[in-house]
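> Hey, dropping data.txt in here, compact mmCIF, C-alpha atoms and all ligand atoms:
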# COMPACT_ATOMS: atom_id res chain seq x y z
CA MET A 1 112.16 116.37 95.41
CA PRO A 2 110.46 118.68 92.85
CA LEU A 3 111.05 118.84 89.09
CA MET A 4 114.69 119.55 88.23
CA LYS A 5 114.78 122.04 85.36
CA SER A 6 116.72 121.30 82.18
CA TRP A 7 117.72 123.56 79.29
CA VAL A 8 116.01 120.96 77.06
CA ALA A 9 112.58 122.65 77.23
CA SER A 10 110.43 119.54 76.59
CA ALA A 11 111.94 117.87 79.68
CA ASN A 12 110.27 120.44 81.97
CA ASP A 13 106.70 119.40 81.19
CA ALA A 14 105.09 117.82 84.29
CA ASN A 15 103.70 114.95 82.21
CA HIS A 16 106.75 114.26 80.06
CA PRO A 17 108.21 110.80 80.77
CA PHE A 18 111.86 111.89 80.58
CA PRO A 19 112.59 114.92 82.81
CA LEU A 20 116.04 115.61 84.29
CA ASN A 21 114.89 113.62 87.36
CA ASN A 22 114.73 110.47 85.20
CA LEU A 23 117.76 110.15 82.86
CA PRO A 24 117.03 106.59 81.64
CA TYR A 25 119.68 104.66 79.71
CA GLY A 26 119.17 103.21 76.24
CA VAL A 27 120.91 102.33 73.01
CA PHE A 28 119.97 104.10 69.78
CA SER A 29 120.96 104.48 66.16
CA THR A 30 120.00 106.86 63.37
CA ALA A 31 119.95 106.09 59.65
CA GLY A 32 123.41 104.95 58.61
CA SER A 33 124.95 105.00 62.11
CA GLU A 34 125.92 102.23 64.52
CA PRO A 35 123.91 101.62 67.75
CA ARG A 36 125.41 103.46 70.76
CA CYS A 37 124.71 104.32 74.39
CA SER A 38 122.42 107.24 75.10
CA VAL A 39 120.25 108.88 77.72
CA ALA A 40 116.74 110.26 77.15
CA ILE A 41 116.06 113.89 78.07
CA GLY A 42 112.67 115.31 77.11
CA ASP A 43 111.94 114.45 73.48
CA MET A 44 115.68 114.30 72.73
CA ILE A 45 118.43 111.70 73.13
CA LEU A 46 121.91 112.59 74.33
CA ASP A 47 124.59 110.55 72.58
CA VAL A 48 126.57 109.47 75.65
CA SER A 49 129.04 107.48 73.59
CA THR A 50 130.13 110.55 71.60
CA ALA A 51 130.02 112.73 74.73
CA GLU A 52 132.58 110.38 76.27
CA ALA A 53 134.70 110.29 73.11
CA GLU A 54 134.77 114.11 73.12
CA GLY A 55 135.84 114.25 76.77
CA LEU A 56 132.57 115.62 78.18
CA ILE A 57 132.17 112.48 80.31
CA THR A 58 135.22 110.85 81.92
CA LEU A 59 134.63 108.18 84.53
CA GLY A 60 137.99 106.42 84.44
CA ASP A 61 140.93 105.59 82.22
CA GLU A 62 139.06 103.19 79.94
CA PRO A 63 136.01 104.12 77.82
CA LEU A 64 132.71 102.75 79.19
CA PHE A 65 130.44 103.62 76.28
CA ASP A 66 132.22 102.32 73.20
CA LEU A 67 129.98 99.22 73.12
CA PRO A 68 126.23 99.28 72.30
CA PHE A 69 125.03 98.10 75.73
CA TRP A 70 125.17 99.35 79.32
CA ASN A 71 126.80 96.33 80.98
CA PRO A 72 130.30 97.95 81.16
CA LEU A 73 128.88 100.85 83.20
CA MET A 74 127.01 98.42 85.49
CA GLU A 75 130.29 96.53 86.08
CA GLN A 76 131.85 99.69 87.54
CA GLY A 77 129.61 99.55 90.63
CA PRO A 78 127.35 101.98 92.50
CA ALA A 79 129.93 104.77 93.04
CA VAL A 80 130.44 105.13 89.27
CA TRP A 81 126.67 104.78 88.65
CA ALA A 82 126.20 107.79 90.95
CA ALA A 83 129.09 109.73 89.37
CA LEU A 84 127.59 109.34 85.89
CA ARG A 85 124.17 110.46 87.07
CA GLU A 86 125.69 113.50 88.73
CA ARG A 87 127.69 114.37 85.59
CA LEU A 88 124.69 113.97 83.24
CA THR A 89 122.57 116.09 85.59
CA ALA A 90 125.22 118.86 85.51
CA LEU A 91 125.49 118.75 81.71
CA LEU A 92 121.73 118.91 81.12
CA ALA A 93 120.59 121.19 83.98
CA LYS A 94 119.25 124.65 83.25
CA GLY A 95 122.16 127.09 83.43
CA SER A 96 124.82 124.49 82.54
CA LYS A 97 127.99 126.20 81.32
CA GLU A 98 128.53 123.34 78.88
CA GLN A 99 125.18 123.61 77.09
CA ASN A 100 126.86 124.76 73.87
CA LYS A 101 129.09 121.65 73.83
CA VAL A 102 126.23 119.24 74.64
CA GLU A 103 123.63 120.66 72.25
CA PRO A 104 125.27 119.25 69.08
CA LEU A 105 125.12 115.76 70.65
CA LEU A 106 121.32 115.76 70.97
CA VAL A 107 119.22 113.75 68.51
CA PRO A 108 115.40 113.97 68.30
CA GLN A 109 113.85 110.75 69.59
CA ALA A 110 111.57 110.79 66.56
CA GLU A 111 114.64 110.18 64.33
CA ALA A 112 116.13 107.40 66.44
CA GLN A 113 115.71 103.67 66.42
CA LEU A 114 116.01 102.06 69.87
CA HIS A 115 117.81 98.77 70.48
CA MET A 116 118.27 96.37 73.42
CA PRO A 117 119.76 98.58 76.16
CA PHE A 118 121.85 95.84 77.77
CA ALA A 119 123.14 92.34 77.09
CA VAL A 120 120.86 89.95 78.99
CA SER A 121 123.06 87.49 80.84
CA GLU A 122 120.31 85.16 82.06
CA TYR A 123 116.57 85.58 82.55
CA THR A 124 114.49 84.34 85.48
CA ASP A 125 110.77 84.90 85.84
CA PHE A 126 108.77 84.85 89.07
CA TYR A 127 105.17 84.27 90.12
CA ALA A 128 105.17 86.80 92.93
CA GLY A 129 101.97 88.84 92.56
CA LYS A 130 99.39 87.60 95.04
CA HIS A 131 96.30 88.77 93.14
CA HIS A 132 97.58 87.06 89.98
CA ALA A 133 98.50 83.83 91.74
CA THR A 134 95.14 83.82 93.53
CA ASN A 135 93.21 84.42 90.30
CA VAL A 136 95.06 81.75 88.35
CA GLY A 137 94.92 79.28 91.24
CA THR A 138 91.18 79.87 91.67
CA MET A 139 90.58 79.15 87.99
CA PHE A 140 92.61 75.92 88.02
CA ARG A 141 92.23 74.56 91.56
CA GLY A 142 89.29 76.40 93.12
CA PRO A 143 89.30 79.24 95.68
CA GLU A 144 90.14 76.91 98.60
CA ASN A 145 93.47 75.83 97.09
CA ALA A 146 94.28 78.94 95.07
CA LEU A 147 97.75 79.56 96.52
CA PRO A 148 100.17 76.62 96.59
CA PRO A 149 101.42 75.83 100.13
CA ASN A 150 104.86 77.34 99.45
CA TRP A 151 103.55 80.60 97.99
CA LEU A 152 103.52 82.74 101.16
CA HIS A 153 107.06 81.60 102.06
CA ILE A 154 109.12 81.88 98.85
CA PRO A 155 108.88 83.84 95.61
CA ILE A 156 108.25 80.99 93.14
CA GLY A 157 110.24 81.26 89.91
CA TYR A 158 111.53 79.39 86.86
CA ASN A 159 114.61 79.82 84.71
CA GLY A 160 113.58 81.45 81.44
CA ARG A 161 115.52 82.15 78.27
CA ALA A 162 117.79 85.15 77.75
CA SER A 163 117.98 84.30 74.03
CA SER A 164 114.40 85.37 73.35
CA VAL A 165 114.36 88.68 75.26
CA VAL A 166 113.66 91.42 72.69
CA VAL A 167 113.30 95.19 72.75
CA SER A 168 109.94 96.92 72.48
CA GLY A 169 108.73 97.25 68.89
CA THR A 170 109.88 93.76 67.87
CA ASP A 171 107.08 91.78 66.19
CA ILE A 172 106.08 88.56 67.95
CA ARG A 173 105.29 85.47 65.88
CA ARG A 174 102.44 83.34 67.24
CA PRO A 175 104.05 80.06 68.31
CA TRP A 176 103.19 76.50 67.38
CA GLY A 177 103.20 73.91 70.11
CA GLN A 178 101.79 70.73 71.47
CA LEU A 179 98.22 71.30 72.64
CA LYS A 180 96.00 68.83 74.43
CA SER A 181 92.27 69.39 74.47
CA PRO A 182 90.25 67.54 77.12
CA ASP A 183 87.99 66.31 74.28
CA HIS A 184 90.81 64.37 72.60
CA ASP A 185 92.93 61.44 73.74
CA ARG A 186 96.03 62.61 71.89
CA PRO A 187 97.73 66.02 71.77
CA ALA A 188 98.02 67.88 68.46
CA PHE A 189 100.76 70.14 67.06
CA LEU A 190 99.06 73.44 66.23
CA PRO A 191 99.46 77.22 66.48
CA SER A 192 98.63 78.45 69.98
CA ARG A 193 95.00 79.58 70.32
CA ARG A 194 95.40 81.09 73.77
CA PHE A 195 98.33 83.46 73.28
CA ASP A 196 98.58 85.99 76.10
CA ILE A 197 100.57 88.75 77.76
CA GLU A 198 101.88 89.12 81.28
CA LEU A 199 102.32 92.66 82.62
CA GLU A 200 105.54 92.65 84.64
CA MET A 201 108.48 94.76 85.73
CA GLY A 202 112.00 93.52 85.02
CA ALA A 203 114.82 94.17 87.51
CA ILE A 204 118.37 94.27 86.13
CA VAL A 205 121.22 92.96 88.27
CA GLY A 206 124.13 95.42 88.17
CA THR A 207 126.46 93.87 90.77
CA PRO A 208 127.54 90.22 90.58
CA SER A 209 127.38 87.86 93.56
CA ASP A 210 128.73 84.40 94.27
CA GLY A 211 126.82 82.96 97.19
CA PRO A 212 123.87 83.91 99.37
CA ILE A 213 123.19 87.65 99.75
CA THR A 214 120.78 89.46 102.07
CA VAL A 215 117.66 91.27 100.91
CA GLN A 216 119.36 94.59 101.60
CA GLU A 217 122.44 93.58 99.58
CA ALA A 218 120.14 92.41 96.80
CA ASP A 219 118.42 95.80 96.74
CA ASP A 220 121.85 97.45 96.46
CA HIS A 221 122.80 95.11 93.59
CA ILE A 222 119.86 96.10 91.38
CA PHE A 223 120.84 98.65 88.72
CA GLY A 224 117.44 99.55 87.33
CA TYR A 225 114.06 98.50 86.04
CA VAL A 226 112.23 98.05 82.73
CA LEU A 227 108.67 97.14 81.80
CA LEU A 228 108.48 93.49 80.79
CA ASN A 229 105.91 91.51 78.81
CA ASP A 230 106.22 87.76 79.38
CA TRP A 231 104.35 86.52 76.28
CA SER A 232 102.64 83.26 77.28
CA ALA A 233 100.92 80.52 75.29
CA ARG A 234 98.35 79.31 77.82
CA ASP A 235 97.34 76.19 75.88
CA ILE A 236 100.96 75.04 75.45
CA GLN A 237 101.57 75.83 79.13
CA ALA A 238 98.54 73.86 80.36
CA TRP A 239 99.80 70.64 78.76
CA GLU A 240 103.55 70.94 79.35
CA TYR A 241 103.92 72.49 82.80
CA GLN A 242 103.69 69.51 85.11
CA PRO A 243 105.89 68.72 86.94
CA LEU A 244 108.73 71.10 86.00
CA GLY A 245 106.90 74.33 85.19
CA PRO A 246 106.65 76.47 82.06
CA PHE A 247 108.96 75.72 79.14
CA GLN A 248 107.98 76.35 75.49
CA ALA A 249 104.90 78.34 76.57
CA LYS A 250 107.22 81.13 77.70
CA ALA A 251 110.14 80.70 75.30
CA THR A 252 108.77 82.49 72.22
CA ALA A 253 109.62 85.99 73.37
CA THR A 254 109.90 88.36 76.32
CA SER A 255 109.64 92.06 75.41
CA ILE A 256 111.23 94.83 77.48
CA SER A 257 110.84 98.61 77.32
CA PRO A 258 113.79 100.35 75.64
CA TRP A 259 115.01 102.58 78.51
CA ILE A 260 116.57 101.34 81.75
CA VAL A 261 115.06 103.49 84.51
CA THR A 262 117.67 103.57 87.26
CA LYS A 263 117.01 102.73 90.89
CA ALA A 264 118.21 106.26 91.68
CA ALA A 265 115.41 107.81 89.57
CA LEU A 266 112.81 105.60 91.26
CA ASP A 267 114.07 106.20 94.81
CA PRO A 268 111.42 108.86 95.71
CA PHE A 269 108.69 106.33 94.86
CA ARG A 270 109.72 103.52 97.19
CA CYS A 271 106.92 102.00 99.25
CA ASP A 272 106.41 99.13 101.64
CA ALA A 273 105.24 95.69 100.63
CA PRO A 274 101.68 94.72 101.64
CA PRO A 275 101.16 93.22 105.12
CA ARG A 276 102.61 89.72 105.46
CA GLU A 277 99.99 87.03 105.99
CA VAL A 278 102.55 84.72 107.52
CA GLU A 279 105.91 85.80 108.85
CA LEU A 280 108.67 85.39 106.29
CA LEU A 281 111.81 83.49 107.29
CA ASP A 282 114.55 85.86 108.44
CA HIS A 283 116.60 85.74 105.23
CA LEU A 284 113.63 87.03 103.18
CA LYS A 285 112.27 89.63 105.61
CA ASP A 286 111.62 93.18 104.42
CA CYS A 287 114.27 95.60 105.73
CA ARG A 288 113.28 98.83 103.96
CA PRO A 289 110.67 99.91 101.40
CA MET A 290 111.57 97.97 98.26
CA LEU A 291 108.48 98.20 96.10
CA TYR A 292 107.71 101.29 94.03
CA ASP A 293 104.58 103.32 93.38
CA ILE A 294 104.49 102.95 89.59
CA GLU A 295 101.19 103.24 87.71
CA LEU A 296 100.89 100.57 85.05
CA GLU A 297 98.57 100.25 82.08
CA VAL A 298 97.97 97.74 79.27
CA THR A 299 96.46 98.68 75.92
CA MET A 300 95.34 96.50 73.04
CA ALA A 301 94.90 97.69 69.45
CA PRO A 302 93.43 95.43 66.77
CA GLU A 303 95.22 95.81 63.43
CA GLY A 304 94.55 99.26 61.94
CA LYS A 305 92.29 100.26 64.86
CA PRO A 306 92.75 102.55 67.87
CA ALA A 307 94.04 101.16 71.14
CA SER A 308 91.80 100.42 74.15
CA THR A 309 93.04 100.36 77.73
CA ILE A 310 92.33 96.86 79.02
CA ALA A 311 93.97 97.04 82.47
CA ARG A 312 95.33 99.54 84.99
CA THR A 313 97.28 98.53 88.08
CA ASN A 314 100.35 99.48 90.13
CA TYR A 315 103.71 97.83 90.84
CA LYS A 316 103.10 98.32 94.59
CA GLU A 317 100.51 95.51 94.36
CA MET A 318 103.37 92.96 94.31
CA TYR A 319 103.80 90.68 97.32
CA TYR A 320 107.55 90.08 96.90
CA SER A 321 110.00 92.81 95.80
CA SER A 322 112.68 92.21 93.18
CA ALA A 323 115.23 92.44 96.02
CA GLN A 324 113.54 89.52 97.81
CA GLN A 325 113.45 87.57 94.55
CA LEU A 326 117.15 88.22 93.94
CA ALA A 327 118.05 87.29 97.54
CA HIS A 328 116.03 84.06 97.24
CA HIS A 329 117.75 83.33 93.90
CA THR A 330 121.15 83.27 95.63
CA THR A 331 120.22 81.12 98.66
CA SER A 332 121.48 77.92 97.01
CA GLY A 333 124.82 79.55 96.18
CA CYS A 334 123.68 80.34 92.64
CA PRO A 335 126.04 83.01 91.22
CA MET A 336 124.36 86.08 89.73
CA ASN A 337 125.90 88.12 86.95
CA VAL A 338 125.78 91.68 85.65
CA GLY A 339 122.90 91.83 83.16
CA ASP A 340 120.77 89.13 84.79
CA LEU A 341 117.10 89.98 84.25
CA LEU A 342 114.44 89.11 86.85
CA GLY A 343 110.77 89.27 85.80
CA SER A 344 108.57 90.29 88.73
CA GLY A 345 105.67 88.01 87.90
CA THR A 346 102.34 89.23 86.58
CA ILE A 347 101.18 92.38 88.34
CA SER A 348 97.44 92.25 88.95
CA GLY A 349 95.50 94.43 91.35
CA PRO A 350 92.50 93.45 93.47
CA THR A 351 89.83 94.55 90.98
CA LYS A 352 88.63 93.05 87.72
CA ASP A 353 90.00 95.91 85.59
CA SER A 354 93.44 95.70 87.21
CA ARG A 355 94.37 92.21 86.01
CA GLY A 356 97.69 91.93 84.20
CA SER A 357 96.90 89.08 81.79
CA LEU A 358 94.10 88.19 79.38
CA LEU A 359 93.82 84.81 81.13
CA GLU A 360 92.57 86.71 84.16
CA LEU A 361 90.77 89.54 82.34
CA SER A 362 88.65 87.04 80.34
CA TRP A 363 88.62 84.52 83.21
CA GLY A 364 90.09 81.73 81.14
CA GLY A 365 88.09 82.77 78.06
CA LYS A 366 84.71 82.47 79.81
CA GLU A 367 84.14 86.24 80.03
CA PRO A 368 85.57 87.92 76.89
CA ILE A 369 86.45 91.59 77.29
CA THR A 370 84.98 94.26 75.01
CA LEU A 371 87.32 96.79 73.41
CA ASP A 372 86.38 100.43 72.66
CA THR A 373 86.02 99.39 69.01
CA GLY A 374 83.21 97.01 70.02
CA GLU A 375 85.29 93.92 69.27
CA THR A 376 85.64 91.26 71.95
CA ARG A 377 88.74 89.33 72.99
CA SER A 378 89.50 86.34 75.17
CA PHE A 379 93.11 86.04 74.01
CA ILE A 380 95.33 87.79 71.44
CA GLU A 381 94.31 87.67 67.78
CA ASP A 382 96.69 88.04 64.84
CA GLY A 383 97.55 91.68 64.15
CA ASP A 384 96.79 92.84 67.69
CA THR A 385 99.31 95.25 69.20
CA LEU A 386 99.79 94.98 72.97
CA THR A 387 101.46 97.83 74.84
CA LEU A 388 102.57 98.18 78.47
CA LYS A 389 103.00 101.67 79.93
CA GLY A 390 104.47 102.75 83.26
CA ALA A 391 104.73 106.07 85.11
CA ALA A 392 105.70 107.22 88.60
CA ARG A 393 104.12 110.58 89.46
CA GLY A 394 106.32 113.01 91.39
CA ASP A 395 106.02 116.61 92.54
CA GLY A 396 105.57 118.35 89.18
CA TYR A 397 107.20 115.61 87.14
CA THR A 398 106.71 112.09 85.81
CA ILE A 399 109.17 109.21 85.61
CA GLY A 400 108.25 107.25 82.48
CA PHE A 401 109.66 104.05 81.01
CA GLY A 402 108.85 104.33 77.32
CA ASP A 403 106.26 101.93 75.94
CA CYS A 404 106.83 98.19 75.85
CA THR A 405 104.97 97.20 72.71
CA GLY A 406 104.68 94.24 70.36
CA THR A 407 102.44 93.20 67.47
CA VAL A 408 101.46 89.54 67.13
CA LEU A 409 101.99 88.14 63.64
CA PRO A 410 100.15 85.06 62.32
CA ALA A 411 101.79 81.69 63.01
CA LEU A 412 103.95 80.33 60.22
CA GLU A 413 101.98 78.14 57.82
CA ASP A 414 104.36 75.25 58.37
CA PRO A 415 107.08 75.76 60.98
CA TYR A 416 109.08 72.82 59.61
CA ALA A 417 109.04 73.98 55.98
CA ARG A 418 112.64 74.22 54.68
MN MN B 501 105.59 85.67 83.88
Since I need it in another form, could you write the structure as structure tokens?


Amino acid sequence: MPLMKSWVASANDANHPFPLNNLPYGVFSTAGSEPRCSVAIGDMILDVSTAEAEGLITLGDEPLFDLPFWNPLMEQGPAVWAALRERLTALLAKGSKEQNKVEPLLVPQAEAQLHMPFAVSEYTDFYAGKHHATNVGTMFRGPENALPPNWLHIPIGYNGRASSVVVSGTDIRRPWGQLKSPDHDRPAFLPSRRFDIELEMGAIVGTPSDGPITVQEADDHIFGYVLLNDWSARDIQAWEYQPLGPFQAKATATSISPWIVTKAALDPFRCDAPPREVELLDHLKDCRPMLYDIELEVTMAPEGKPASTIARTNYKEMYYSSAQQLAHHTTSGCPMNVGDLLGSGTISGPTKDSRGSLLELSWGGKEPITLDTGETRSFIEDGDTLTLKGAARGDGYTIGFGDCTGTVLPALEDPYAR
């Protein structure tokens, strides 16, 4: 499908992240106003909440946009998701008869503050990128034992914390934790020295389930996707993770991009998973293309300095799709809820410059990377700003996500000071 033209001129630029083909959902406020539901179009934001209040959008008897998150719309199910997309497309398309009614409800993005677009019910993070798992496994166990024996059969995951998921732009405080150096007999309580990012996509569950679901059902249940940075303290992780996996190393914060890009907008970019090295069990088998061709990039900017690109990769490098992860999540009978967030796992490509974490980029700190400013980095330093970017390139248009960014602040001097 080519670019769909809008009467919002900036939306018709082939490189603009928010054309009419995209229509991503967010929550915004302007000075002195309450946060409310909105959709991005070009460099403007349409106030969906007010559009509904004024009768321009009616999807049922009850209002869906009087709360500052998108969960009520998700709860309506795929038919209403499609009806809203159709209605927004009609309102914003070039030649719309209602342009004069919609125009007063547009706000420049430059004047808006963006908030969490949905209420995160629970958060699960996976370890489902093969290049990442191979790199990390090679560093810690050697190339012969890089992938654990279960890796090619199940998407490995852990239950993370919904309470520390934050929207892009939120500052991230360097955590303290228990660190154990091989040179010392006892651990010490210190600020993390190996604070890192993980470049991931987050899938948002839009349809609840109560019992095992198939991969195809799981794909149908996903509402949309965001960029996700799983901030990770590698030194805390190295000491705490055995035998139950990551805990405080991953609990400081998880940042997400501010706009939910719907599955409908990403549909033209679906692609197959890579060839399977061993046959998956039937309940996890691929049944249609469920990965997406989304270009991904990570930049790092030291405080007050320009940003350098430190990695470029693509979401299609994943081994397991979010649908397979969601299906696996339900196999035990685990209920899933609207607003559940599933982190894909770190997305690394096959080459050195396509690695989605500093752990891999600097090979555990042994090979520091050099930024365009000439500075070197093994892990994040105080004041560094890390940004994830994502874009799917269509026929004359781009589907963007909005940056997922965060600046790392120095650790507190004394975390127990009262
Ligand atoms: Mn992760």

> Can you write out as a Markdown table which residues of segment 258-348 of chain A fall within 9 Å of segment 226-235 of chain A, alongside each residue's closest atom pair and its distance in Å to one decimal, counting only C-alpha atoms and ordering rows by chain and ascending residue number?


| residue | atom | partner | partner_atom | distance |
| --- | --- | --- | --- | --- |
| A:Pro258 | CA | A:Val226 | CA | 7.6 |
| A:Trp259 | CA | A:Val226 | CA | 6.8 |
| A:Ile260 | CA | A:Val226 | CA | 5.5 |
| A:Val261 | CA | A:Val226 | CA | 6.4 |
| A:Thr262 | CA | A:Val226 | CA | 9.0 |
| A:Gly343 | CA | A:Leu228 | CA | 6.9 |
| A:Ser344 | CA | A:Leu228 | CA | 8.6 |
| A:Gly345 | CA | A:Asp230 | CA | 8.5 |
| A:Thr346 | CA | A:Asp230 | CA | 8.3 |

> Pull C-alpha atoms from the residues just selected and write them as a PDB file, in the coordinates of the input.


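What follows is the written file result_14.pdb:
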ATOM      1  CA  PRO A 258     113.790 100.350  75.640  1.00  0.00           C
ATOM      2  CA  TRP A 259     115.010 102.580  78.510  1.00  0.00           C
ATOM      3  CA  ILE A 260     116.570 101.340  81.750  1.00  0.00           C
ATOM      4  CA  VAL A 261     115.060 103.490  84.510  1.00  0.00           C
ATOM      5  CA  THR A 262     117.670 103.570  87.260  1.00  0.00           C
ATOM      6  CA  GLY A 343     110.770  89.270  85.800  1.00  0.00           C
ATOM      7  CA  SER A 344     108.570  90.290  88.730  1.00  0.00           C
ATOM      8  CA  GLY A 345     105.670  88.010  87.900  1.00  0.00           C
ATOM      9  CA  THR A 346     102.340  89.230  86.580  1.00  0.00           C
TER      10      THR A 346
END

> Residues at most 7 Å from segment 359-361 of chain A, counting all atoms listed in the file, excluding those fewer than 5 positions away in the same chain, as number ranges by chain?

A: 135-136, 352, 369

> At a cut-off of 12 Å, can you tabulate as a tab-separated table every residue of chain A near ligand MN 501 (chain B) together with its closest atom pair and the distance in Å to one decimal, using all atoms listed in the file and ordering rows by chain then number?


residue	atom	partner	partner_atom	distance
A:Tyr123	CA	B:MN501	MN	11.1
A:Thr124	CA	B:MN501	MN	9.1
A:Asp125	CA	B:MN501	MN	5.6
A:Phe126	CA	B:MN501	MN	6.1
A:Tyr127	CA	B:MN501	MN	6.4
A:Ala128	CA	B:MN501	MN	9.1
A:Gly129	CA	B:MN501	MN	9.9
A:His132	CA	B:MN501	MN	10.2
A:Ala133	CA	B:MN501	MN	10.7
A:Ile156	CA	B:MN501	MN	10.7
A:Gly157	CA	B:MN501	MN	8.8
A:Tyr158	CA	B:MN501	MN	9.1
A:Asn159	CA	B:MN501	MN	10.8
A:Gly160	CA	B:MN501	MN	9.4
A:Arg161	CA	B:MN501	MN	11.9
A:Asp196	CA	B:MN501	MN	10.5
A:Ile197	CA	B:MN501	MN	8.5
A:Glu198	CA	B:MN501	MN	5.7
A:Leu199	CA	B:MN501	MN	7.8
A:Glu200	CA	B:MN501	MN	7.0
A:Met201	CA	B:MN501	MN	9.7
A:Gly202	CA	B:MN501	MN	10.2
A:Leu228	CA	B:MN501	MN	8.9
A:Asn229	CA	B:MN501	MN	7.7
A:Asp230	CA	B:MN501	MN	5.0
A:Trp231	CA	B:MN501	MN	7.7
A:Ser232	CA	B:MN501	MN	7.6
A:Ala233	CA	B:MN501	MN	11.1
A:Arg234	CA	B:MN501	MN	11.4
A:Gln237	CA	B:MN501	MN	11.6
A:Gly245	CA	B:MN501	MN	11.5
A:Pro246	CA	B:MN501	MN	9.4
A:Phe247	CA	B:MN501	MN	11.5
A:Ala249	CA	B:MN501	MN	10.4
A:Lys250	CA	B:MN501	MN	7.8
A:Ala251	CA	B:MN501	MN	10.9
A:Ala253	CA	B:MN501	MN	11.3
A:Thr254	CA	B:MN501	MN	9.1
A:Ser255	CA	B:MN501	MN	11.4
A:Leu342	CA	B:MN501	MN	9.9
A:Gly343	CA	B:MN501	MN	6.6
A:Ser344	CA	B:MN501	MN	7.3
A:Gly345	CA	B:MN501	MN	4.7
A:Thr346	CA	B:MN501	MN	5.5
A:Ile347	CA	B:MN501	MN	9.2
A:Ser348	CA	B:MN501	MN	11.6
A:Gly356	CA	B:MN501	MN	10.1
A:Ser357	CA	B:MN501	MN	9.6

> So that I can see what lies close to Ser308 of chain A, please list as a PyMOL selection string the residues with an atom at most 12 Å from it, counting only C-alpha atoms and leaving out residues fewer than 3 positions away in the same chain.

chain A and resi 297-302+305+311-312+369-377+384-388

> Which polymer residues, whether protein, DNA or RNA, lie within 10 Å of the coordinate (115.2, 89.2, 94.5) when you count all atoms listed in the file? List them as a list of chain:residue names, using the chain letters and numbers from the file.

A:Phe126, A:Pro155, A:Ala203, A:Val205, A:Ile213, A:Thr214, A:Val215, A:Gln216, A:Glu217, A:Ala218, A:Asp219, A:His221, A:Ile222, A:Leu284, A:Tyr320, A:Ser321, A:Ser322, A:Ala323, A:Gln324, A:Gln325, A:Leu326, A:Ala327, A:His328, A:His329, A:Thr330, A:Leu342, A:Gly343, A:Ser344

> Around the point (122.2, 105.2, 68.7) in the file's coordinates, collect all residues with an atom within 7 Å, using all atoms listed in the file, and return them as a VMD selection string.

chain A and resid 27 to 30 34 to 38 112

> Give me the residues within 8 Å of segment 189-191 of chain A as a PyMOL selection string, counting all atoms listed in the file and dropping any in the same chain fewer than 6 places off.

chain A and resi 174-179+411

> For segment 4-12 of chain A, please output as a list of chain:residue names all residues within 7 Å (counting only C-alpha atoms; exclusion window: fewer than 2 positions along the same chain).

A:Pro2, A:Ala14, A:His16, A:Phe18, A:Pro19, A:Leu20, A:Asn21, A:Ile41, A:Gly42, A:Asp43, A:Leu92, A:Ala93, A:Lys94

> Looking at A:Tyr25, A:Phe195, A:Tyr315, A:Phe69, which one is nearest to Leu409 of chain A, with distances taken over all atoms listed in the file?

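The shortest atom-to-atom distance to Leu409 of chain A comes from A:Phe195.
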
> State, in Å with one decimal place, the distance from atom CA of Ile310 of chain A to atom CA of Arg355 of chain A.

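Straight-line distance from atom CA of Ile310 of chain A to atom CA of Arg355 of chain A works out to 8.6 Å.
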
> Mind giving me the axis-aligned box for segment 89-94 of chain A with 4 Å on every side, centre plus edges in Å to one decimal, as lines of an AutoDock Vina configuration file?


center_x = 122.4
center_y = 120.4
center_z = 83.4
size_x = 14.2
size_y = 16.6
size_z = 12.5

> Figure out the distance between atom CA of Asp267 of chain A and atom CA of Val338 of chain A, please, to one decimal in Å.

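Result for atom CA of Val338 of chain A versus atom CA of Asp267 of chain A: 20.8 Å, one decimal.
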